[in-house]
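Shown next: protein-v3.pdb, given as PDB, C-alpha atoms.
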```pdb
ATOM      1  CA  MET T   1     -22.293  -0.370  -7.103
ATOM      2  CA  ALA T   2     -21.959   2.064  -4.215
ATOM      3  CA  GLN T   3     -19.925   5.254  -3.910
ATOM      4  CA  LEU T   4     -17.569   4.539  -0.988
ATOM      5  CA  THR T   5     -14.631   6.163   0.765
ATOM      6  CA  MET T   6     -11.570   4.036   1.424
ATOM      7  CA  VAL T   7     -12.588   3.625   5.078
ATOM      8  CA  GLN T   8     -15.971   2.310   3.977
ATOM      9  CA  ALA T   9     -14.399   0.058   1.333
ATOM     10  CA  VAL T  10     -12.002  -1.533   3.827
ATOM     11  CA  ASN T  11     -14.883  -1.986   6.266
ATOM     12  CA  LYS T  12     -16.883  -3.655   3.495
ATOM     13  CA  ALA T  13     -14.016  -6.026   2.723
ATOM     14  CA  LEU T  14     -13.685  -7.025   6.381
ATOM     15  CA  ASP T  15     -17.444  -7.553   6.598
ATOM     16  CA  ASP T  16     -17.369  -9.681   3.423
ATOM     17  CA  ALA T  17     -14.567 -11.834   4.809
ATOM     18  CA  LEU T  18     -16.121 -12.302   8.245
ATOM     19  CA  ARG T  19     -19.506 -13.146   6.738
ATOM     20  CA  THR T  20     -18.271 -15.687   4.194
ATOM     21  CA  ASP T  21     -15.409 -17.388   6.069
ATOM     22  CA  ASP T  22     -15.748 -18.350   9.734
ATOM     23  CA  LYS T  23     -11.963 -18.766   9.976
ATOM     24  CA  VAL T  24     -11.442 -14.997   9.604
ATOM     25  CA  VAL T  25     -10.877 -13.120  12.862
ATOM     26  CA  LEU T  26      -9.924  -9.507  13.520
ATOM     27  CA  LEU T  27      -7.753  -8.370  16.391
ATOM     28  CA  GLY T  28      -6.173  -5.129  17.479
ATOM     29  CA  GLN T  29      -6.193  -2.247  19.903
ATOM     30  CA  ASP T  30      -9.592  -0.499  20.137
ATOM     31  CA  ILE T  31     -11.039  -2.212  17.044
ATOM     32  CA  GLY T  32     -14.095  -3.600  18.855
ATOM     33  CA  LYS T  33     -16.090  -1.333  21.135
ATOM     34  CA  ASP T  34     -14.379   1.854  19.865
ATOM     35  CA  GLU T  35     -14.501   0.648  16.210
ATOM     36  CA  GLY T  36     -10.892   1.637  15.488
ATOM     37  CA  VAL T  37      -9.184   5.012  15.622
ATOM     38  CA  PHE T  38     -10.382   5.755  12.062
ATOM     39  CA  ARG T  39     -13.670   3.806  12.500
ATOM     40  CA  VAL T  40     -12.582   1.236   9.928
ATOM     41  CA  THR T  41     -14.131  -1.595  11.979
ATOM     42  CA  ALA T  42     -17.463   0.174  12.579
ATOM     43  CA  ASP T  43     -20.367  -2.184  13.466
ATOM     44  CA  LEU T  44     -18.288  -5.349  13.067
ATOM     45  CA  LEU T  45     -18.264  -6.205  16.788
ATOM     46  CA  LYS T  46     -22.070  -5.880  16.867
ATOM     47  CA  ARG T  47     -22.451  -8.183  13.868
ATOM     48  CA  TYR T  48     -19.879 -10.869  14.654
ATOM     49  CA  GLY T  49     -19.214 -10.753  18.379
ATOM     50  CA  GLU T  50     -16.139 -10.577  20.551
ATOM     51  CA  ASN T  51     -14.796 -13.974  19.466
ATOM     52  CA  ARG T  52     -14.398 -12.700  15.872
ATOM     53  CA  VAL T  53     -13.566  -9.020  16.540
ATOM     54  CA  ILE T  54     -11.094  -9.041  19.395
ATOM     55  CA  ASP T  55      -9.940  -6.017  21.382
ATOM     56  CA  THR T  56      -6.330  -6.462  22.504
ATOM     57  CA  PRO T  57      -3.990  -4.737  24.916
ATOM     58  CA  LEU T  58      -1.667  -2.040  23.621
ATOM     59  CA  ALA T  59       1.101  -4.509  22.760
ATOM     60  CA  GLU T  60       1.988  -4.773  19.080
ATOM     61  CA  GLY T  61       4.339  -7.712  19.557
ATOM     62  CA  ALA T  62       1.622  -9.638  21.365
ATOM     63  CA  ILE T  63      -0.983  -8.752  18.720
ATOM     64  CA  LEU T  64       1.166 -10.121  15.902
ATOM     65  CA  GLY T  65       2.469 -13.034  17.951
ATOM     66  CA  GLY T  66      -1.083 -14.020  18.819
ATOM     67  CA  ALA T  67      -2.067 -13.764  15.152
ATOM     68  CA  ILE T  68       0.824 -16.067  14.191
ATOM     69  CA  GLY T  69      -0.382 -18.676  16.689
ATOM     70  CA  MET T  70      -3.954 -18.351  15.382
ATOM     71  CA  ALA T  71      -2.766 -18.878  11.810
ATOM     72  CA  ILE T  72      -0.782 -22.007  12.727
ATOM     73  CA  TYR T  73      -3.925 -23.293  14.433
ATOM     74  CA  GLY T  74      -5.872 -22.817  11.186
ATOM     75  CA  LEU T  75      -7.510 -19.407  11.398
ATOM     76  CA  ARG T  76      -7.135 -16.417   9.060
ATOM     77  CA  PRO T  77      -6.304 -13.538  11.407
ATOM     78  CA  VAL T  78      -6.354  -9.902  10.285
ATOM     79  CA  PRO T  79      -4.490  -7.914  12.956
ATOM     80  CA  GLU T  80      -4.638  -4.122  12.899
ATOM     81  CA  MET T  81      -1.786  -1.922  14.054
ATOM     82  CA  GLN T  82      -3.194   1.446  15.024
ATOM     83  CA  PHE T  83      -0.461   3.291  13.086
ATOM     84  CA  SER T  84       2.439   1.929  11.047
ATOM     85  CA  GLY T  85       4.839   3.893  13.249
ATOM     86  CA  PHE T  86       3.928   1.657  16.189
ATOM     87  CA  PHE T  87       4.585  -1.569  14.293
ATOM     88  CA  TYR T  88       8.308  -1.503  15.037
ATOM     89  CA  GLN T  89       7.419  -2.900  18.462
ATOM     90  CA  ALA T  90       6.484  -6.105  16.595
ATOM     91  CA  PHE T  91       9.327  -6.177  14.095
ATOM     92  CA  HIS T  92      10.950  -9.109  15.857
ATOM     93  CA  GLN T  93       7.801 -11.137  15.161
ATOM     94  CA  VAL T  94       7.958 -10.101  11.484
ATOM     95  CA  GLU T  95      11.585 -11.071  10.977
ATOM     96  CA  GLN T  96      11.782 -14.109  13.244
ATOM     97  CA  HIS T  97       8.416 -15.778  12.591
ATOM     98  CA  LEU T  98       5.980 -14.108  10.177
ATOM     99  CA  SER T  99       8.380 -14.041   7.234
ATOM    100  CA  ARG T 100      10.045 -17.394   7.916
ATOM    101  CA  MET T 101       7.380 -19.917   8.913
ATOM    102  CA  ARG T 102       6.802 -21.460   5.470
ATOM    103  CA  ASN T 103      10.554 -21.783   4.861
ATOM    104  CA  ARG T 104      11.245 -22.977   8.393
ATOM    105  CA  THR T 105       8.652 -25.766   8.154
ATOM    106  CA  ARG T 106       9.525 -26.681   4.542
ATOM    107  CA  GLY T 107       6.071 -25.605   3.423
ATOM    108  CA  ARG T 108       4.107 -27.419   6.117
ATOM    109  CA  PHE T 109       2.778 -24.189   7.638
ATOM    110  CA  GLY T 110       1.873 -21.047   5.785
ATOM    111  CA  LEU T 111       0.687 -17.991   7.671
ATOM    112  CA  PRO T 112      -2.463 -16.526   6.065
ATOM    113  CA  ILE T 113      -2.164 -13.266   7.988
ATOM    114  CA  VAL T 114      -2.912  -9.747   6.744
ATOM    115  CA  VAL T 115      -1.411  -7.041   8.947
ATOM    116  CA  ARG T 116      -3.438  -3.875   8.298
ATOM    117  CA  MET T 117      -2.177  -0.458   9.263
ATOM    118  CA  PRO T 118      -2.615   3.179   8.271
ATOM    119  CA  TYR T 119       0.556   4.843   7.027
ATOM    120  CA  GLY T 120       1.870   8.029   5.420
ATOM    121  CA  GLY T 121       1.608  11.766   5.874
ATOM    122  CA  GLY T 122      -0.747  14.557   5.041
ATOM    123  CA  ILE T 123      -3.049  14.652   8.076
ATOM    124  CA  ARG T 124      -0.942  16.854  10.398
ATOM    125  CA  ALA T 125      -0.254  14.049  12.858
ATOM    126  CA  VAL T 126       2.395  13.891  15.577
ATOM    127  CA  GLU T 127       5.670  11.971  15.614
ATOM    128  CA  HIS T 128       5.574   8.258  14.587
ATOM    129  CA  HIS T 129       2.220   8.733  12.823
ATOM    130  CA  SER T 130       3.242   9.873   9.321
ATOM    131  CA  GLU T 131       6.212   7.866   8.090
ATOM    132  CA  SER T 132       6.278   5.711   4.935
ATOM    133  CA  ARG T 133       8.554   2.779   5.737
ATOM    134  CA  GLU T 134       7.326   0.217   3.216
ATOM    135  CA  ALA T 135      10.920  -0.434   2.109
ATOM    136  CA  TYR T 136      11.578  -2.223   5.428
ATOM    137  CA  TYR T 137       9.048  -4.893   4.571
ATOM    138  CA  CYS T 138       9.882  -5.086   0.867
ATOM    139  CA  HIS T 139      13.410  -6.010   1.928
ATOM    140  CA  THR T 140      12.140  -8.881   4.114
ATOM    141  CA  PRO T 141      11.932 -12.196   2.215
ATOM    142  CA  GLY T 142       8.661 -14.035   2.781
ATOM    143  CA  ILE T 143       6.540 -10.875   3.129
ATOM    144  CA  GLN T 144       4.161  -9.483   0.517
ATOM    145  CA  MET T 145       3.647  -5.703   0.603
ATOM    146  CA  VAL T 146       0.367  -4.278  -0.731
ATOM    147  CA  ILE T 147      -0.614  -0.579  -0.874
ATOM    148  CA  PRO T 148      -3.956   0.367  -2.463
ATOM    149  CA  SER T 149      -4.528   3.793  -4.019
ATOM    150  CA  GLY T 150      -8.296   4.086  -3.735
ATOM    151  CA  PRO T 151     -11.500   2.545  -2.340
ATOM    152  CA  ARG T 152     -12.104  -0.062  -5.041
ATOM    153  CA  ALA T 153      -8.498  -1.259  -4.989
ATOM    154  CA  ALA T 154      -8.519  -1.379  -1.192
ATOM    155  CA  ARG T 155     -11.591  -3.604  -1.032
ATOM    156  CA  ALA T 156     -10.556  -5.938  -3.886
ATOM    157  CA  LEU T 157      -6.936  -6.299  -2.750
ATOM    158  CA  LEU T 158      -7.757  -6.755   0.936
ATOM    159  CA  LEU T 159     -10.094  -9.642   0.153
ATOM    160  CA  GLU T 160      -7.435 -11.256  -2.034
ATOM    161  CA  CYS T 161      -4.877 -10.819   0.752
ATOM    162  CA  ILE T 162      -7.149 -12.344   3.403
ATOM    163  CA  TRP T 163      -7.606 -15.500   1.332
ATOM    164  CA  ASN T 164      -3.934 -15.652   0.342
ATOM    165  CA  PRO T 165      -1.969 -18.507   1.984
ATOM    166  CA  ASP T 166       1.010 -16.349   2.994
ATOM    167  CA  PRO T 167       1.532 -13.192   5.067
ATOM    168  CA  VAL T 168       0.817  -9.718   3.710
ATOM    169  CA  ILE T 169       1.589  -6.282   5.107
ATOM    170  CA  PHE T 170      -1.325  -4.104   3.985
ATOM    171  CA  PHE T 171      -0.579  -0.368   4.177
ATOM    172  CA  GLU T 172      -3.624   1.910   4.033
ATOM    173  CA  PRO T 173      -2.764   5.524   3.053
ATOM    174  CA  LYS T 174      -4.648   7.516   5.643
ATOM    175  CA  LEU T 175      -4.374  10.741   3.612
ATOM    176  CA  ILE T 176      -7.039   9.324   1.287
ATOM    177  CA  TYR T 177      -9.141   7.444   3.865
ATOM    178  CA  ARG T 178     -11.947   9.956   3.315
ATOM    179  CA  ALA T 179     -10.527  12.193   0.571
ATOM    180  CA  PHE T 180     -12.763  10.926  -2.238
ATOM    181  CA  ARG T 181     -15.378   8.334  -3.132
ATOM    182  CA  GLU T 182     -15.269   5.690  -5.823
ATOM    183  CA  GLU T 183     -17.663   3.112  -7.223
ATOM    184  CA  VAL T 184     -17.201  -0.229  -5.466
ATOM    185  CA  PRO T 185     -19.120  -3.310  -6.673
ATOM    186  CA  ASP T 186     -21.714  -4.852  -4.369
ATOM    187  CA  GLU T 187     -20.534  -8.366  -5.225
ATOM    188  CA  ILE T 188     -17.202  -9.682  -3.949
ATOM    189  CA  GLU T 189     -14.311  -8.609  -6.188
ATOM    190  CA  ARG T 190     -10.682  -9.729  -5.857
ATOM    191  CA  TRP T 191      -7.619  -8.286  -7.580
ATOM    192  CA  PRO T 192      -4.437 -10.389  -7.780
ATOM    193  CA  ILE T 193      -1.450  -9.643  -5.584
ATOM    194  CA  GLY T 194       1.640  -8.717  -7.595
ATOM    195  CA  LYS T 195      -0.159  -7.107 -10.522
ATOM    196  CA  ALA T 196       0.121  -3.379 -11.326
ATOM    197  CA  ARG T 197      -2.472  -1.416 -13.304
ATOM    198  CA  VAL T 198      -2.092   1.227 -15.982
ATOM    199  CA  VAL T 199      -4.640   3.778 -14.783
ATOM    200  CA  ARG T 200      -4.018   6.377 -17.505
ATOM    201  CA  GLU T 201      -2.811   5.658 -21.041
ATOM    202  CA  GLY T 202      -0.156   7.804 -22.687
ATOM    203  CA  GLY T 203       2.801   7.674 -25.023
ATOM    204  CA  ASP T 204       5.206  10.442 -23.988
ATOM    205  CA  ILE T 205       6.357   9.571 -20.467
ATOM    206  CA  THR T 206       5.738   6.921 -17.803
ATOM    207  CA  ILE T 207       5.026   7.817 -14.183
ATOM    208  CA  VAL T 208       5.146   4.948 -11.684
ATOM    209  CA  SER T 209       3.665   5.396  -8.230
ATOM    210  CA  TYR T 210       1.356   3.883  -5.595
ATOM    211  CA  GLY T 211      -0.749   4.726  -2.550
ATOM    212  CA  ALA T 212      -1.795   8.288  -1.799
ATOM    213  CA  MET T 213       0.734   9.691  -4.279
ATOM    214  CA  MET T 214      -1.415   8.447  -7.139
ATOM    215  CA  ARG T 215      -3.693  11.439  -6.553
ATOM    216  CA  ALA T 216      -0.827  13.887  -7.075
ATOM    217  CA  VAL T 217       0.427  11.892 -10.080
ATOM    218  CA  LEU T 218      -2.948  11.953 -11.818
ATOM    219  CA  GLU T 219      -3.271  15.692 -11.119
ATOM    220  CA  ALA T 220       0.174  16.250 -12.637
ATOM    221  CA  ALA T 221      -0.750  14.109 -15.663
ATOM    222  CA  GLU T 222      -3.841  16.220 -16.248
ATOM    223  CA  ASP T 223      -1.812  19.424 -15.949
ATOM    224  CA  LEU T 224       0.756  18.128 -18.449
ATOM    225  CA  ALA T 225      -1.994  17.189 -20.882
ATOM    226  CA  GLU T 226      -3.706  20.574 -20.674
ATOM    227  CA  ARG T 227      -0.661  22.862 -20.640
ATOM    228  CA  ASP T 228       1.959  20.896 -22.566
ATOM    229  CA  HIS T 229      -0.075  18.465 -24.701
ATOM    230  CA  VAL T 230       1.898  15.628 -23.105
ATOM    231  CA  SER T 231       0.286  12.202 -22.709
ATOM    232  CA  VAL T 232       1.330  10.319 -19.573
ATOM    233  CA  ASP T 233       1.241   6.571 -19.015
ATOM    234  CA  VAL T 234       0.469   6.197 -15.295
ATOM    235  CA  VAL T 235       1.345   2.879 -13.625
ATOM    236  CA  ASP T 236      -0.165   2.154 -10.202
ATOM    237  CA  LEU T 237       1.986  -0.549  -8.591
ATOM    238  CA  LEU T 238      -0.638  -1.620  -5.991
ATOM    239  CA  THR T 239       1.777  -4.340  -4.828
ATOM    240  CA  VAL T 240       5.286  -3.133  -4.107
ATOM    241  CA  SER T 241       6.543  -6.627  -3.245
ATOM    242  CA  PRO T 242       6.395  -8.744  -5.334
ATOM    243  CA  MET T 243       6.666  -5.973  -7.914
ATOM    244  CA  ASP T 244       5.069  -6.248 -11.359
ATOM    245  CA  THR T 245       8.199  -5.643 -13.409
ATOM    246  CA  GLU T 246       6.537  -6.650 -16.683
ATOM    247  CA  THR T 247       3.966  -3.842 -16.610
ATOM    248  CA  ILE T 248       6.611  -1.242 -15.732
ATOM    249  CA  LEU T 249       8.948  -2.344 -18.517
ATOM    250  CA  ALA T 250       6.166  -2.456 -21.110
ATOM    251  CA  SER T 251       5.205   1.118 -20.287
ATOM    252  CA  VAL T 252       8.776   2.445 -20.327
ATOM    253  CA  ALA T 253       9.515   0.659 -23.601
ATOM    254  CA  LYS T 254       6.508   2.458 -25.074
ATOM    255  CA  THR T 255       7.299   5.973 -23.791
ATOM    256  CA  GLY T 256      11.107   6.015 -23.470
ATOM    257  CA  ARG T 257      10.971   8.213 -20.386
ATOM    258  CA  CYS T 258      10.173   7.518 -16.734
ATOM    259  CA  ILE T 259       9.553   9.180 -13.382
ATOM    260  CA  VAL T 260       8.977   7.302 -10.120
ATOM    261  CA  VAL T 261       7.040   8.944  -7.280
ATOM    262  CA  HIS T 262       6.709   7.924  -3.622
ATOM    263  CA  GLU T 263       6.454   9.763  -0.324
ATOM    264  CA  GLY T 264       8.949   7.629   1.572
ATOM    265  CA  PRO T 265      12.595   8.745   1.819
ATOM    266  CA  ARG T 266      14.641   8.664  -1.379
ATOM    267  CA  ASN T 267      17.563   6.563  -0.110
ATOM    268  CA  CYS T 268      16.994   2.831  -0.786
ATOM    269  CA  GLY T 269      13.303   3.445  -1.425
ATOM    270  CA  VAL T 270      10.887   1.605  -3.702
ATOM    271  CA  GLY T 271      11.758   4.062  -6.473
ATOM    272  CA  ALA T 272      15.361   2.870  -6.457
ATOM    273  CA  GLU T 273      14.139  -0.686  -7.041
ATOM    274  CA  VAL T 274      11.982   0.413  -9.984
ATOM    275  CA  VAL T 275      14.931   2.247 -11.537
ATOM    276  CA  ALA T 276      17.218  -0.754 -11.012
ATOM    277  CA  ARG T 277      14.798  -3.130 -12.736
ATOM    278  CA  ILE T 278      14.578  -0.843 -15.743
ATOM    279  CA  ALA T 279      18.373  -0.490 -15.873
ATOM    280  CA  GLU T 280      19.093  -4.200 -15.552
ATOM    281  CA  CYS T 281      17.249  -5.291 -18.677
ATOM    282  CA  GLU T 282      16.969  -4.428 -22.358
ATOM    283  CA  CYS T 283      14.400  -1.775 -21.491
ATOM    284  CA  LEU T 284      17.393   0.447 -20.724
ATOM    285  CA  MET T 285      17.963   0.728 -24.465
ATOM    286  CA  HIS T 286      14.536   2.340 -24.907
ATOM    287  CA  LEU T 287      15.313   5.224 -22.549
ATOM    288  CA  GLN T 288      15.676   8.638 -24.150
ATOM    289  CA  ALA T 289      16.448  10.452 -20.875
ATOM    290  CA  PRO T 290      17.643   9.668 -17.334
ATOM    291  CA  ILE T 291      14.986   8.403 -14.925
ATOM    292  CA  ARG T 292      13.921  10.809 -12.158
ATOM    293  CA  ARG T 293      12.726   9.998  -8.634
ATOM    294  CA  ILE T 294      10.303  12.390  -6.930
ATOM    295  CA  THR T 295      10.205  11.351  -3.278
ATOM    296  CA  GLY T 296      10.184  12.416   0.322
ATOM    297  CA  PHE T 297      13.489  13.547   1.780
ATOM    298  CA  ASP T 298      16.109  11.671   3.780
ATOM    299  CA  VAL T 299      15.088  13.292   7.051
ATOM    300  CA  GLN T 300      12.584  12.496   9.776
ATOM    301  CA  PHE T 301       9.035  13.299   8.683
ATOM    302  CA  PRO T 302       8.517  16.972   9.648
ATOM    303  CA  TYR T 303       5.922  18.505  11.920
ATOM    304  CA  PHE T 304       2.820  20.401  10.807
ATOM    305  CA  ALA T 305       4.326  23.553   9.318
ATOM    306  CA  ARG T 306       6.666  21.685   6.943
ATOM    307  CA  GLU T 307       4.556  18.643   6.101
ATOM    308  CA  LYS T 308       3.399  19.895   2.693
ATOM    309  CA  ALA T 309       6.960  20.800   1.722
ATOM    310  CA  TYR T 310       8.056  17.224   2.422
ATOM    311  CA  LEU T 311       5.381  15.404   0.437
ATOM    312  CA  PRO T 312       5.631  15.196  -3.369
ATOM    313  CA  ASN T 313       2.910  17.250  -5.046
ATOM    314  CA  ALA T 314       1.546  17.727  -8.549
ATOM    315  CA  ASP T 315       3.789  20.717  -9.290
ATOM    316  CA  ARG T 316       6.995  18.857  -8.369
ATOM    317  CA  ILE T 317       5.937  15.888 -10.459
ATOM    318  CA  ALA T 318       4.880  17.927 -13.501
ATOM    319  CA  ASN T 319       8.050  20.039 -13.437
ATOM    320  CA  ALA T 320      10.221  16.927 -13.235
ATOM    321  CA  ALA T 321       8.345  15.481 -16.202
ATOM    322  CA  ARG T 322       9.022  18.647 -18.209
ATOM    323  CA  GLU T 323      12.743  18.378 -17.418
ATOM    324  CA  VAL T 324      12.848  14.734 -18.499
ATOM    325  CA  LEU T 325      10.952  15.523 -21.681
ATOM    326  CA  ALA T 326      13.342  18.380 -22.473
ATOM    327  CA  PHE T 327      16.481  16.277 -22.015
TER     328      PHE T 327
END
```
Can you give me the file's structure in the form of structure tokens?
Amino acid sequence: MAQLTMVQAVNKALDDALRTDDKVVLLGQDIGKDEGVFRVTADLLKRYGENRVIDTPLAEGAILGGAIGMAIYGLRPVPEMQFSGFFYQAFHQVEQHLSRMRNRTRGRFGLPIVVRMPYGGGIRAVEHHSESREAYYCHTPGIQMVIPSGPRAARALLLECIWNPDPVIFFEPKLIYRAFREEVPDEIERWPIGKARVVREGGDITIVSYGAMMRAVLEAAEDLAERDHVSVDVVDLLTVSPMDTETILASVAKTGRCIVVHEGPRNCGVGAEVVARIAECECLMHLQAPIRRITGFDVQFPYFAREKAYLPNADRIANAAREVLAF
């Protein structure tokens, strides 16, 4: 195993896929010669050439449209959008073609496409660089939405997505691109799409989250354990669509209390879907307190001076847990 950052782990996954499957191609703005804005595609052009690692014009609709044509032809394209905030320029391709091709052709054509893009706040970026809009894609039938929370998950999930027969939006939380290292196996490892993981065992309260917020959640869980002697069951969704309802319900049935954390806006966010799934089944009868959502706010993502106030942090999460436990 090697100790890798998330950038290195994603790079390793792309290298694995290019090396082992000649149908895999990468395309996107500045991913070749410049190796991507975050250097995620470092050295891949040198290793695989310009027919496998393709620099494109600054035209998100054309990047995704080209990838759709490649996939129909029989390739496995992995387009990169430089930031998730620029992907709206290709939303017509998502809604009109990417999400509908299997249904439109009655299963004749799937689109094995993974659209990679950095998302989320925390790096003091400018407008359109920090939003968390995963709910848009979760609400689009035919799209799978995957968000890893660390290097090992990023590598294992990206490989699974690349060899999946249907389209995936793969959000990479740029706040943790280089924030920490994690052991990543040398051999190819694949984690299933649609399966959450319990990353910390506990019996007093469940916290459900994903992406970069898992760092704040685990910090809050440690604080609760040390100061309050509270044991937290932490569920990392990993895939937000399709969502692993079974793992969430099993945890909540065990603890009787739940908090959901995400950095996207509160209104109609992923947290609302988690709460609804708990409320719509017998798991509701296990609840000993109302469920709380700790989220971003229903405003545009703020500029530098207010960024930290917008993002959920360990203190907000731990204090909410104390309120739920005291109910």
Expand the PyMOL selection byres ((chain T and resi 240) around 8) into the explicit residue set it covers here, and present it as number ranges by chain. T: 138, 144-147, 194, 237-239, 241-244, 270
Can you translate the PyMOL selection byres ((chain T and resi 298) around 6) into the concrete residues it hits in this file, as an MDAnalysis selection string? chainID T and resid 265 297 299
With all atoms listed in the file as the basis for distance, which of T:Leu27, T:Leu287, T:Val234, T:Ala42 is at the shortest distance from Ala62 of chain T?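 Between T:Leu27, T:Leu287, T:Val234, T:Ala42, the residue approaching Ala62 of chain T most closely is T:Leu27.
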Apply the PyMOL selection byres ((chain T and resi 210-217) around 7) to the file shown and report the selected residues as a ChimeraX atom specification. /T:147-149,173,175-176,209,218-221,236-238,262-263,313-314,317
Atomic distance atom CA of Phe87 of chain T - atom CA of Asp21 of chain T, expressed in Å with one decimal: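 Those two atoms sit 26.8 Å apart.
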So which residues touch Trp163 of chain T within 10 Å, counting only C-alpha atoms, skipping near sequence neighbours fewer than 6 positions away, as number ranges by chain? T: 17, 21, 24, 76, 112-114, 190
For Phe180 of chain T, which of T:Val232, T:Val7, T:Ile143, T:Ala156 is the closest residue, counting all atoms listed in the file?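 Of all the options, T:Val7 lies closest to Phe180 of chain T.
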Please put the answer as AutoDock Vina command-line options: centre and edge lengths, in Å with one decimal, of a box along x, y and z that encloses all listed atoms of segment 140-150 of chain T plus 4 Å on each side.
```
--center_x 1.9 --center_y -5.0 --center_z 0.0 --size_x 28.4 --size_y 26.1 --size_z 16.1
```
Best match for closeness to Arg102 of chain T among T:Arg293, T:Asn319, T:Val10, T:Pro167, counting only C-alpha atoms: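 Among T:Arg293, T:Asn319, T:Val10, T:Pro167, it is T:Pro167 that comes nearest to Arg102 of chain T.
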Contacts of Arg133 of chain T at 9 Å or less, counting all atoms listed in the file, minus same-chain residues fewer than 4 places along, as a CSV table (one decimal) with C-alpha atoms, keeping the file's coordinate frame?
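Saved the output as out33.csv:
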```csv
chain,number,residue,atom,x,y,z
T,84,SER,CA,2.4,1.9,11.0
T,85,GLY,CA,4.8,3.9,13.2
T,119,TYR,CA,0.6,4.8,7.0
T,120,GLY,CA,1.9,8.0,5.4
T,137,TYR,CA,9.0,-4.9,4.6
T,264,GLY,CA,8.9,7.6,1.6
T,265,PRO,CA,12.6,8.7,1.8
T,269,GLY,CA,13.3,3.4,-1.4
```
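When only C-alpha atoms are used to measure the gap to Glu307 of chain T, the shortest distance among T:Ile123, T:Ala320, T:Val199, T:Ala250 belongs to T:Ile123.
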Which is closer to Val115 of chain T than all the others in T:Asp16, T:Glu80, T:Glu187, T:Glu50, using all atoms listed in the file?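 Closest to Val115 of chain T of all the choices is T:Glu80.
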For a test of reading the model, state the distance in Å between atom CA of Glu183 of chain T and atom CA of Asp22 of chain T, rounded to one decimal. 27.4 Å
Select, from T:Ala125, T:Ile193, T:Leu311, T:Cys258, the residue with the minimum atom-to-atom distance to Gly271 of chain T, counting all atoms listed in the file. T:Cys258
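Omitting Arg277 of chain T and its sequence neighbours fewer than 3 positions away, and counting all atoms listed in the file, the residues within 9 Å are Thr245, Ile248, Leu249, Ala272, Glu273, Val274, Glu280, Cys281 and Cys283 of chain T.
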Next, the residues of the selection above should be written as a compact mmCIF listing (two decimals), keeping the file's coordinate frame with C-alpha atoms.
```txt
# COMPACT_ATOMS: atom_id res chain seq x y z
CA THR T 245 8.20 -5.64 -13.41
CA ILE T 248 6.61 -1.24 -15.73
CA LEU T 249 8.95 -2.34 -18.52
CA ALA T 272 15.36 2.87 -6.46
CA GLU T 273 14.14 -0.69 -7.04
CA VAL T 274 11.98 0.41 -9.98
CA GLU T 280 19.09 -4.20 -15.55
CA CYS T 281 17.25 -5.29 -18.68
CA CYS T 283 14.40 -1.78 -21.49
```
If you measure from atom CA of Glu160 of chain T to atom CA of Gln8 of chain T, what distance in Å do you get, rounded to one decimal? 17.1 Å
Please list as a list in words every residue within 6 Å of Gly32 of chain T, counting all atoms listed in the file and excluding residues in the same chain fewer than 6 positions away. Leu45, Val53 and Asp55 of chain T
For the point (-1.0, -4.5, 15.5) in the file's frame, write as a VMD selection string all residues with an atom no more than 8 Å away, counting only C-alpha atoms. chain T and resid 27 to 29 59 to 61 63 to 64 79 to 82 86 to 87 90 115 to 117
